[in-house]
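The structure under discussion appears below in the form of structure tokens.
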Amino acid sequence: MTKIFDALPGLEVPVGSIAKSLAGMWEDTAAKGGPAPAADDVKATQVNFVLHLGFNTTVEDAVRQFETAVLFSKRAPCRVVVLCPLPIDDPSVEMQAKIYGECHLGKTKGDTRCCEFVLLSYPFAARQYLESQLSVCLITDLPLYYWVHRFASIHRLNDYQHLLRRSERILIDTAIADPEIFNFKWPRPEAVHDLVYARLLPVRQSIGQLLSGYEPAVLIEGLRAVTLTHAQKLSAEARVLMAWTRERFAASGALANVAYTTKPDRDDGALKLDFEYANGHFFQWHGDTVKKNAIIAVDFGGGRSELHIAVSLLTRDAALSDATFF
Amino acid sequence: MPDAQRHPFLQGLSKHRGAPPTVVVIFGASGDLTARKLIPAVFNLGYDNLLPADFSIVGFGRKPISDDEFRKIATGAIKEFSRRELNNDVWDHIAANTSYVAGGYDEPAAFERLAKHIAAIETKIGREVQTLFYISTPPSVFAPILLNLGSSGLAARYLGRRNQSKVIIEKPFGRDLASARSLNATIRSVLEEHQVYRIDHYLGKETVQDLLVQRFANAIFEPLWNRNFIDSVQITVAEEVGVGTRGGYYEQSGALRDMIQNHTMQLVALTAMEPPVSLDPESMRDEKVKVLKAIQPLRVGPGGDVCRAQYADGMMGGKQVKGYLAEEGINPQSATETYAAMRLAINNWRWQGVPFYIRSGKRLARRVSEIAIQFKRPPGTLFAESDKFNLAANTLAFQIQPDEGLSMVLNGKVPGLETRMQPVKMSFRYSTTFGSNTPEAYERLVLDAMIGDGTLFIRGDEAETSWALYTPVLEAWAAAGRNGMGSYASGSWGPECADALLADGKHTWRQP
């Protein structure tokens with residue numbers, strides 16, 4: 001994990017002077033002739049955002065997630081704190097900190113905003129002090145969001161109850177999470193949001209918009225089977241999309257005897273949803289997440305119609321934004 | 001509508017992600033507003049994946065241009081005016097479903113062609129589509145368009161259902177009370193009120209919507225939001241620009257019609273209204289109408305409640321500029337005001353005795369729109385020595401444009417051994433908190449109309465109530481001609497008659 005801390009960008013500073021170093025970061029850059037705008041004009045903070053890199057995170061993955069956090073901060077200006085726990089239990093290893101700033105330049109002065117990042121590396125033993133150390137890295141009174149990434153064991157999260165209780169939302173990606181995540185006792189289950197569900201927003205939207213053109217009674221009349229075919233790599237998306245479809249049909253009043261089946265497909269980007277009806281009606285949403293398009297074919301009694309749409313799963317930062325705020 | 005009452009397949013999605021299949025028909029398709037605002041708004045909605053999959057644009061106008069030409073014009077408009085760069089992946093999809101119908105606004109056969117065109121789109125889609133008519137034309141053709149929408153059957157498509165036809169109408173909603181009533185009568189002859197979306201783009205601005213959030217979502221403000229604690233309210237909608245090439249239009253309009261009667265009165269209504277019982281459109285609009293009706297008739301003439309003036313020669317940004325009467329297309333004897341200021345008295349329990357000063361003008365010192373709430377001064381027993389204590393009235397200012405945000409003026413101690421004080425400013429800026437790439441007002445409003453949410457639109461009685469207040473003023477000014485017309489130097493903050501409006505209350509205009 002020290003490799004992760006070393007691989008991420010930033011200027012190493014004493015842990016005791018993070019706040020002072022952050023304040024000085026902009027002044028120093030300007031004093032050295034760097035292109036630093038006046039901090040008060042452009043420093044932007046909407047929320048606190050903690051990215052917690054679990055022990056299963058590789059260096060490459062950490063850099064990738066850090067970049068995602070940077071892109072997220074462009075959408076939603078925030079103070080980002082990256083937690084890099086070390087898989088060692090040696091109290092003699094000291095906590096380390098880095099600070100980093102990035103400005104997003106837009107078309108106008110008003111589009112320019114700068115966000116601050118704090119990176120903390122700490123041995124496993126220091127986690128008991130983390131709450132206090134973290135508190136001085138966050139902006140007081142602003143909401144906190146907590147992104148939990150690649151935990152070796154979800155039960156380690158018990159050590160971070162202060163974050164689980166305090167965060168407005170806890171973001172997880174069930175596609176890569178420890179399977180035990182579904183059994184974990186979250187202190188506030190309603191705060192937990194799945195990035196897989198967020199990535200599927202355009203799919204849910206296009207299906208929802210189209211089906212909302214028909215009365216729920218029409219959608220459930222004669223419904224026999226719902227089949228979801230998916231690329232191997234989209235098994236988490238398929239699981240979540242099927243759960244959503246099932247829930248929506250239940251809300252529409254569908255009977256319990258409908259067969260819901262999920263099956264893999266060799267096609268690399270396939271995500272296909274088929275509704276089969278006893279009365280000859282049908283609905284097909286056949287998406288290709290690689291080619292970023294879908295064909296919708298439908299007949300609910302008015303004859304077959306077909307629609308070609310552009311659709312893709314949300315990008316990493318867009319999914320993060322959606323799961324955070326919506 | 002509560003989420004649980006929505007269609008089961010829309011539940012859990014933002015209401016703005018549930019627009020039904022839609023054809024947007026733009027009347028005035030080759031006009032300036034279409035290029036500057038509407039087409040970029042549609043493009044940005046597409047970029048944000050907020051348009052329905054079955055979405056089409058139909059331009060309608062007198063100019064005989066082809067579908068391809070219209071698409072080229074639209075593409076050029078995005079390149080020039082969109083807040084985002086043109087993205088072909090997004091635009092190509094919309095452009096493929098963009099077409100144009102040429103015809104006269106008073107030509108019934110043209111509307112029959114339009115109806116067939118829409119029916120053909122619907123057949124191609126294979127499902128019902130809603131039509132959203134955007135009337136972006138000069139007001140002289142509002143009535144023929146509306147009547148032809150009625151006679152062609154387009155206005156009544158799917159009436160009473162989710163996909164019913166909807167009509168967005170651009171201002172002006174009349175030029176006085178009689179014409180506003182006449183326009184509303186025409187509208188009602190072919191449409192039901194819930195199909196009509198009178199647009200005032202100010203209501204689509206984030207800061208204007210934030211005004212309601214600040215008032216009703218913060219416990220610290222509402223208890224103070226009344227005559228017991230508020231001394232006065234100032235609303236400013238100031239422009240730096242002169243009439244430019246729009247002299248011909250402006251001569252028929254003037255500051256009162258162009259800005260005060262619509263934008264500024266919306267700001268008054270949102271500032272002064274009672275809390276609505278809910279956020280549904282009718283509750284909101286009911287409260288706005290109630291407070292507008294409580295505004296007392298305005299007295300015109302010396303010592304009255306109104307002031308008008310024209311900009312004279314002056315200096316803008318260090319350069320000499322000419323006065324209104326020397327502008328191109330302006331009658332040298334023009335009696336059209338480029339500046340208007342009013343002192344409003346709201347006769348209700350909350351606001352009695354609190355003056356609302358409003359002003360709008362061209363060629364003022366700075367482009368700024370703001371609402372400033374000035375609170376009463378604290379009793380001066382502790383800090384009465386004015387030479388030691390520079391005690392300011394607390395002021396809460398909502399800046400609507402530019403640099404959207406709000407600021408609060410408080411009194412603070414100057415560091416040092418002596419107790420000295422001075423006003424200090426606490427600021428919140430949208431751009432430094434949320435970033436500034438927020439949707440344009442038109443994006444929000446077009447999408448709201450598409451999903452049938454009229455909260456941020458003006459109801460017919462709202463427009464009429466505002467005109468009822470100002471029509472006597474307009475009539476008095478028309479009768480007086482140039483008598484009583486003030487003047488102010490370009491680049492200043494306005495005429496002396498405006499200062500006089502505030503002098504009675506020992507107030508002065510802010511210079512925001």
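Labels used: A, B, ... for chains in the order of the structure tokens, numbers from 1 for residues in each chain, and numbers from 1 for ligands as shown.
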
Would you return as a VMD selection string the members of region 254-478 of chain B that DSSP assigns to helix (DSSP H, G or I) on this structure's backbone?
chain B and resid 255 to 272 281 to 293 324 to 326 430 to 434 441 to 450 460 to 478

Which residues of chain A sit at most 9 Å from chain B, using only C-alpha atoms? Give each one's shortest atom pair and distance in Å (one decimal place), in chain and ascending residue order, as CSV.
```
residue,atom,partner,partner_atom,distance
A:Asp40,CA,B:Thr432,CA,8.4
A:Asp41,CA,B:Thr432,CA,7.1
A:Val42,CA,B:Thr432,CA,5.6
A:Lys43,CA,B:Thr432,CA,6.0
A:Ala44,CA,B:Thr432,CA,4.2
A:Thr45,CA,B:Thr433,CA,5.0
A:Gln46,CA,B:Thr433,CA,4.9
A:Val47,CA,B:Thr433,CA,8.6
A:Lys74,CA,B:Gly435,CA,7.8
A:Arg75,CA,B:Gly435,CA,7.2
A:Ala76,CA,B:Phe434,CA,6.0
A:Pro77,CA,B:Phe434,CA,5.9
A:Cys78,CA,B:Thr433,CA,8.3
A:Gly106,CA,B:Asn437,CA,8.7
A:Lys107,CA,B:Arg83,CA,8.7
A:Gly110,CA,B:Ser431,CA,6.1
A:Asp111,CA,B:Ser436,CA,5.4
A:Thr112,CA,B:Gly435,CA,7.9
A:Arg113,CA,B:Thr432,CA,6.4
A:Cys114,CA,B:Thr432,CA,8.4
A:Leu201,CA,B:Leu13,CA,8.3
A:Pro202,CA,B:Asn49,CA,7.4
A:Arg204,CA,B:Leu13,CA,8.2
A:Gln205,CA,B:Arg17,CA,6.5
A:Ser206,CA,B:Ala53,CA,6.8
A:Ile207,CA,B:Phe9,CA,7.7
A:Gly208,CA,B:Phe9,CA,4.6
A:Gln209,CA,B:Gly18,CA,5.5
A:Leu210,CA,B:Pro20,CA,7.6
A:Leu211,CA,B:Phe9,CA,6.6
A:Ser212,CA,B:His7,CA,5.9
A:Gly213,CA,B:Pro20,CA,7.0
A:Glu215,CA,B:His7,CA,8.0
A:Pro216,CA,B:Pro8,CA,7.3
A:Thr245,CA,B:Phe9,CA,8.3
A:Glu247,CA,B:Pro8,CA,8.9
A:Arg248,CA,B:Pro8,CA,5.6
A:Phe249,CA,B:Pro8,CA,7.5
A:Ala250,CA,B:Pro8,CA,8.7
A:Ala251,CA,B:Pro8,CA,5.8
A:Ser252,CA,B:Pro8,CA,5.8
A:Gly302,CA,B:Gly126,CA,7.7
A:Gly303,CA,B:Gly126,CA,7.9
A:Arg304,CA,B:Gly126,CA,7.8
A:Ser305,CA,B:Gly126,CA,5.5
A:Glu306,CA,B:Ile125,CA,7.7
A:Leu307,CA,B:Ile125,CA,7.4
A:His308,CA,B:Ala53,CA,8.4
A:Ile309,CA,B:Ala53,CA,6.3
A:Ala310,CA,B:His93,CA,7.8
A:Val311,CA,B:Asn49,CA,8.9
A:Phe326,CA,B:Ser14,CA,7.7
```

Exercise: Lys205 (chain B) partners within 10 Å, only C-alpha atoms, chain neighbours under 5 positions left out, as a ChimeraX atom specification
/B:200,210,400-401,404,438-442,444-445,456

In region 130-260 of chain A, what's strand (DSSP E) per DSSP? Answer as a list in words?
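DSSP-assigned strand (DSSP E) residues in region 130-260 of chain A: Leu144, Tyr145, Tyr146, Trp147, Val148, His149, Arg169, Ile170, Leu171, Ile172, Val192, His193, Asp194, Leu223, Arg224, Ala225, Val226, Thr227, Leu228, Thr229, His230, Ala231, Ala259 and Tyr260 of chain A.
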
Taking only C-alpha atoms into account, which of B:Ala309, B:Gly303, B:Phe428, B:Ala478 comes nearest Leu501 (chain B)?
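Of the candidates, the smallest distance to Leu501 (chain B) is held by B:Gly303.
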
Rank nothing, just name the residue among A:Ala97, A:Leu8, A:Val15, A:Ala323 nearest to Glu67 (chain A), using only C-alpha atoms.
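Smallest distance to Glu67 (chain A) is found for A:Leu8.
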
Closest to Lys98 (chain A) among A:Leu11, A:Leu130, A:Ile154, A:Val80, using only C-alpha atoms?
A:Leu11

Please provide the set of residues having any atom within 12 Å of Arg62 (chain B), restricted to only C-alpha atoms, with same-chain residues fewer than 3 positions apart removed, written as a count of residues only.
20

Excluding Ala191 (chain A) and its own-chain neighbours fewer than 2 positions away, which residues fall within 8 Å of it when counting only C-alpha atoms? Please give them as a list in words.
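Close residues of Ala191 (chain A): Ser167, Glu168, Arg169, Ile170, Arg188, Pro189 and His193 of chain A.
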
Let's have the selection written as a short mmCIF file (atom, residue, chain, number, x, y, z; two decimals), in the first residue's frame, with N, CA and C atoms.
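The new file result_38.cif reads:
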```
data_model
loop_
_atom_site.label_atom_id
_atom_site.label_comp_id
_atom_site.auth_asym_id
_atom_site.auth_seq_id
_atom_site.Cartn_x
_atom_site.Cartn_y
_atom_site.Cartn_z
N SER A 167 -21.71 9.43 7.16
CA SER A 167 -21.78 9.77 5.74
C SER A 167 -23.22 9.85 5.24
N GLU A 168 -23.44 10.84 4.40
CA GLU A 168 -24.76 10.98 3.78
C GLU A 168 -25.04 9.74 2.93
N ARG A 169 -24.04 9.34 2.20
CA ARG A 169 -24.17 8.14 1.39
C ARG A 169 -22.86 7.35 1.42
N ILE A 170 -23.01 6.04 1.33
CA ILE A 170 -21.86 5.15 1.23
C ILE A 170 -21.95 4.50 -0.14
N ARG A 188 -26.69 2.21 8.63
CA ARG A 188 -27.80 2.94 7.97
C ARG A 188 -27.93 2.38 6.56
N PRO A 189 -28.66 1.28 6.42
CA PRO A 189 -28.74 0.63 5.10
C PRO A 189 -29.24 1.57 4.01
N HIS A 193 -25.44 3.01 -1.46
CA HIS A 193 -25.84 3.09 -2.87
C HIS A 193 -24.84 2.32 -3.73
#
```
